[in-house]
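Below is one structure, written out as structure tokens; the observations come after it.
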Amino acid sequence: MLELKFVRQNLDKVKDSLEKRFTEADLATFSKCDEERRSILLKIEDLRHRRNVVSDEIKELKKAGEDAEKLIGEMREVSSDIKGMDGSLSKLEETINDIIIGIPNIPHPSVPSGKTEDDNDLLKEVGDVPTFSFEPKAHWDIGEDLKIFNFEKASQITGARFPLYLGLGARLERALISFMLDIHTEEHGYTEVLPPYIVNRKSMTGTGQLPKFEEDLFKIEGWDYFLIPTAEVPVTNIHAGDILTEDELPINYTAFTPCFRSEAGSYGRDTRGLIRQHQFHKVELVKFTKAEESYDELEKLLSNAETILKRLGIAYRVVTLCGGDLGFSAAKTYDIEVWMPAQNVYREISSCSNFEDFQARRAGLRFKRKGQKGTELVHTLNGSGLAVGRTVAAILENFQQEDGTVLIPEALQPYMGGLKRIE
RNA sequence: GGAGGAGUGGCCGAGUGGCUUAAGGCGGCGGUCUUGAAAACCGUAGUGGGUCACACCACCGUGGGUUCAAAUCCUACCUCCUCCGCCA
């Protein structure tokens, strides 16, 4: 959420931002209600001040044993006036809040303009795209042939877009999770956390999934709880409402969790394989930093996520998302896209974002600077490190052999009990 | 699920209608002393809104209510703790 005062004083910037994102917000209503709110607030505060003063007088009169009925009668009216104005005030505030909570973050100046993913800026390409002497198969065919997953059974158990890993498939998924967590905790200095997989409405609002994107979430019937679409939500909310000290920052967390997404509006897209599922696993990286450090930390975050693909030896590229492709809460996002030989395309496998103080303001994430009065909002960042299912898909496609077997990347072999090949 | 108890500033903790615009302590910050530090002492300091700066307003888990006046009374809800029951 943007600061009320910022929106009031920077309407042009907000308009530019909305244009860059190809989205809209009712700024006219905002301005109108904001003005009204301030004039009413002024009157209310005035009346409250009067009430405070006169209440003191009443106290004194009563103590002196004198009659205070006249003043009490007067105050009775003042109080009822206040109550009436309070009602219209909260209505205005609700309207203002509804608008402001629906305004997306302001993109960082370095964010390229553009409307769709085709307009994203290519930042770099890393690793060699493999060449095959045969027609490479799609990962769902490889996996079904090796009997390491079975999508038909999964949809029999639940429905479309759910995974069922078997044998070495399940083992591969588990190996990758440990592999990723070990690198991030032992080499990159992240603290491992295991958060709840179900969160309340407040947490979802804190990180920006709500109120705008409720249709993308699975809601628990009979509860105001939701399945998490990413570990970002519970992990960022660990410090909701906290006032941290300067020397606690930066805080780096990594968490493995399942993720649940309704994928509303994506019917017919990526219907086969592990790319787009209602349930998938992800190792997430989350950072809390001081404002002046957040963009350096974003570069570190990106490089931490890249390390996983480098160790596995899979080719990828990094793009900077354009304004139109940028997520609601993000000020800047890098996507890591992994090479998928069967489809001959790069597919998103990680998204690394700086939210600046946008989530911090919603969730109340603050810190105190040494020797200074008052508190400051922290900056929050997160990125996938990496999406596990998509990594499995990438391994299967990139390391497939002509005989249908799949070589296991050397770095991963210790996590597979020394196994070198799935056959 | 049943029965009790509790939620107050960064932390601990006092406070049952107006001498509390939240006591006291710890921690923080500034200073005195010291070669330096510690200790001791003095001072300063909650969070947010508002103002050039003051003034002023709000905030004691959350929302309603009573009252001229609410941290304090009523009410609903949330969270935590203890005991009992059930359970991976």
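Going by the structure tokens order, chains are called A, B, ..., each with residues numbered from 1, while ligands are numbered from 1 in the order shown.
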
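Using only C-alpha atoms (C1' of nucleotides), the chain B residues found within 9 Å of chain A amount to B:G10, B:G18, B:G28, B:C29, B:A45, B:U47, B:C56, B:C57, B:C68, B:A69.
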
Among the residues of range 155-283 of chain A, find those DSSP assigns to alpha helix (DSSP H) from the backbone and print them as a ChimeraX atom specification.
/A:155-157,168-182,201-207,232-236

Need to verify the contact set: U20 in chain B, 12 Å, only C-alpha atoms (C1' of nucleotides), exclusion of same-chain residues closer than 5 positions in sequence. Can you return it as an mmCIF file with C-alpha atoms (C1' of nucleotides), in the first residue's frame?
```
data_model
loop_
_atom_site.group_PDB
_atom_site.id
_atom_site.type_symbol
_atom_site.label_atom_id
_atom_site.label_comp_id
_atom_site.auth_asym_id
_atom_site.auth_seq_id
_atom_site.Cartn_x
_atom_site.Cartn_y
_atom_site.Cartn_z
ATOM 1 C "C1'" A B 14 1.769 -0.798 38.220
ATOM 2 C "C1'" G B 15 -2.874 1.032 37.359
ATOM 3 C "C1'" C B 60 -3.645 0.420 26.866
ATOM 4 C "C1'" A B 71 -6.781 1.584 30.273
ATOM 5 C "C1'" U B 72 -10.542 1.393 34.242
#
```

C1' of A3 in chain B and CA of Gly222 in chain A are how many Å apart?
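One can read the C1' of A3 in chain B to CA of Gly222 in chain A distance as 26.9 Å.
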
Calculate how many Å separate CA of Ser329 in chain A from CA of Phe256 in chain A, rounding to one decimal.
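Value for the CA of Ser329 in chain A-CA of Phe256 in chain A distance: 21.8 Å.
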
Determine, counting only C-alpha atoms (C1' of nucleotides), which protein, DNA and RNA residues have an atom within 8 Å of an atom of Thr205 in chain A; residues of the same chain fewer than 4 positions away are not included. Present the result as a list of chain:residue names.
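The filter keeps A:Arg201, A:Gln209, A:Leu210, A:Pro211, A:Arg362, A:Ala363.
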
Excluding same-chain residues fewer than 6 positions from Leu326 in chain A, what lies within 12 Å of it counting only C-alpha atoms (C1' of nucleotides), as a VMD selection string?
chain A and resid 17 to 18 20 to 23 104 to 108 111 to 117 119 to 120 319 to 320 332 to 335 351 to 355

Could you give me, as a list in words, the residues within 12 Å of Asp403 in chain A, counting only C-alpha atoms (C1' of nucleotides) and dropping anything in the same chain fewer than 2 positions from it?
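My reading of the contact set: Ser133, Phe134, Glu135, Pro136, Lys137, Ile142, Asp145, Leu146, Phe399, Gln400, Gln401, Thr405, Val406, Leu407, Arg421, Ile422 and Glu423 of chain A.
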
Selected residues written out, C-alpha atoms, as a PDB file, in the first residue's frame:
```pdb
ATOM      1  CA  SER A 133      20.881 -35.897 -31.730  1.00  0.00           C
ATOM      2  CA  PHE A 134      17.267 -36.993 -31.380  1.00  0.00           C
ATOM      3  CA  GLU A 135      13.905 -35.320 -30.894  1.00  0.00           C
ATOM      4  CA  PRO A 136      13.795 -34.344 -27.175  1.00  0.00           C
ATOM      5  CA  LYS A 137      10.664 -35.450 -25.369  1.00  0.00           C
ATOM      6  CA  ILE A 142       9.675 -38.769 -20.001  1.00  0.00           C
ATOM      7  CA  ASP A 145       7.540 -43.496 -19.478  1.00  0.00           C
ATOM      8  CA  LEU A 146       9.885 -43.833 -16.495  1.00  0.00           C
ATOM      9  CA  PHE A 399      19.350 -34.356 -19.165  1.00  0.00           C
ATOM     10  CA  GLN A 400      17.253 -36.866 -21.069  1.00  0.00           C
ATOM     11  CA  GLN A 401      19.069 -39.487 -23.126  1.00  0.00           C
ATOM     12  CA  THR A 405      16.780 -42.496 -19.276  1.00  0.00           C
ATOM     13  CA  VAL A 406      17.713 -39.273 -17.471  1.00  0.00           C
ATOM     14  CA  LEU A 407      21.132 -38.403 -16.066  1.00  0.00           C
ATOM     15  CA  ARG A 421      20.727 -42.058 -13.693  1.00  0.00           C
ATOM     16  CA  ILE A 422      16.981 -42.558 -13.585  1.00  0.00           C
ATOM     17  CA  GLU A 423      15.991 -45.517 -15.739  1.00  0.00           C
TER      18      GLU A 423
END
```

Have a look at CA of Ile336 in chain A and CA of Ser350 in chain A and let me know their distance in Å, one decimal.
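Spanning CA of Ile336 in chain A to CA of Ser350 in chain A is a straight-line distance of 5.0 Å.
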
Per DSSP on the backbone, filter range 140-339 of chain A down to the residues in strand (DSSP E or B) and report them as a PyMOL selection string.
chain A and resi 149+165+191-193+198-200+219+225-227+243-245+251-260+279-289+316-320+332-339

Write out as a JSON list (two decimals) with N, CA and C atoms (P, O5', C5', C4', C3', O3' and C1' of nucleotides), in the first residue's frame each polymer residue whose atoms come within 12 Å of C74 in chain B, counting only C-alpha atoms (C1' of nucleotides); drop sequence neighbours fewer than 5 positions from it.
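Here's the written file around30.json:
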```
[["chain", "number", "residue", "atom", "x", "y", "z"],
["B", 64, "G", "P", -16.10, 0.41, 16.26],
["B", 64, "G", "O5'", -17.49, -0.30, 16.58],
["B", 64, "G", "C5'", -18.50, 0.43, 17.19],
["B", 64, "G", "C4'", -19.55, -0.50, 17.75],
["B", 64, "G", "C3'", -20.28, 0.10, 18.94],
["B", 64, "G", "O3'", -21.28, 1.00, 18.53],
["B", 64, "G", "C1'", -19.54, -2.04, 19.51],
["B", 65, "G", "P", -21.22, 2.48, 19.13],
["B", 65, "G", "O5'", -21.77, 2.26, 20.60],
["B", 65, "G", "C5'", -23.03, 1.62, 20.77],
["B", 65, "G", "C4'", -23.19, 1.12, 22.17],
["B", 65, "G", "C3'", -23.19, 2.17, 23.28],
["B", 65, "G", "O3'", -24.41, 2.88, 23.34],
["B", 65, "G", "C1'", -21.92, 0.30, 23.96],
["B", 66, "U", "P", -24.42, 4.37, 23.86],
["B", 66, "U", "O5'", -24.20, 4.21, 25.43],
["B", 66, "U", "C5'", -25.17, 3.55, 26.24],
["B", 66, "U", "C4'", -24.72, 3.53, 27.67],
["B", 66, "U", "C3'", -24.33, 4.88, 28.25],
["B", 66, "U", "O3'", -25.48, 5.63, 28.66],
["B", 66, "U", "C1'", -22.68, 3.28, 28.82],
["B", 67, "U", "P", -25.59, 7.17, 28.24],
["B", 67, "U", "O5'", -24.44, 7.83, 29.12],
["B", 67, "U", "C5'", -24.50, 7.81, 30.52],
["B", 67, "U", "C4'", -23.24, 8.39, 31.10],
["B", 67, "U", "C3'", -22.82, 9.74, 30.53],
["B", 67, "U", "O3'", -23.56, 10.80, 31.14],
["B", 67, "U", "C1'", -20.94, 8.30, 30.65]]
```

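Compared by their closest atoms to Leu181 in chain A, and using only C-alpha atoms, the residues A:Phe30, A:Lys290, A:Ala255, A:Ala154 rank with A:Ala255 nearest.
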
With distances taken over only C-alpha atoms (C1' of nucleotides), which residue among B:A6, B:C12, B:C52, B:C42 lies nearest U79 in chain B?
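Checking each of B:A6, B:C12, B:C52, B:C42 against U79 in chain B, counting only C-alpha atoms (C1' of nucleotides), the winner is B:A6.
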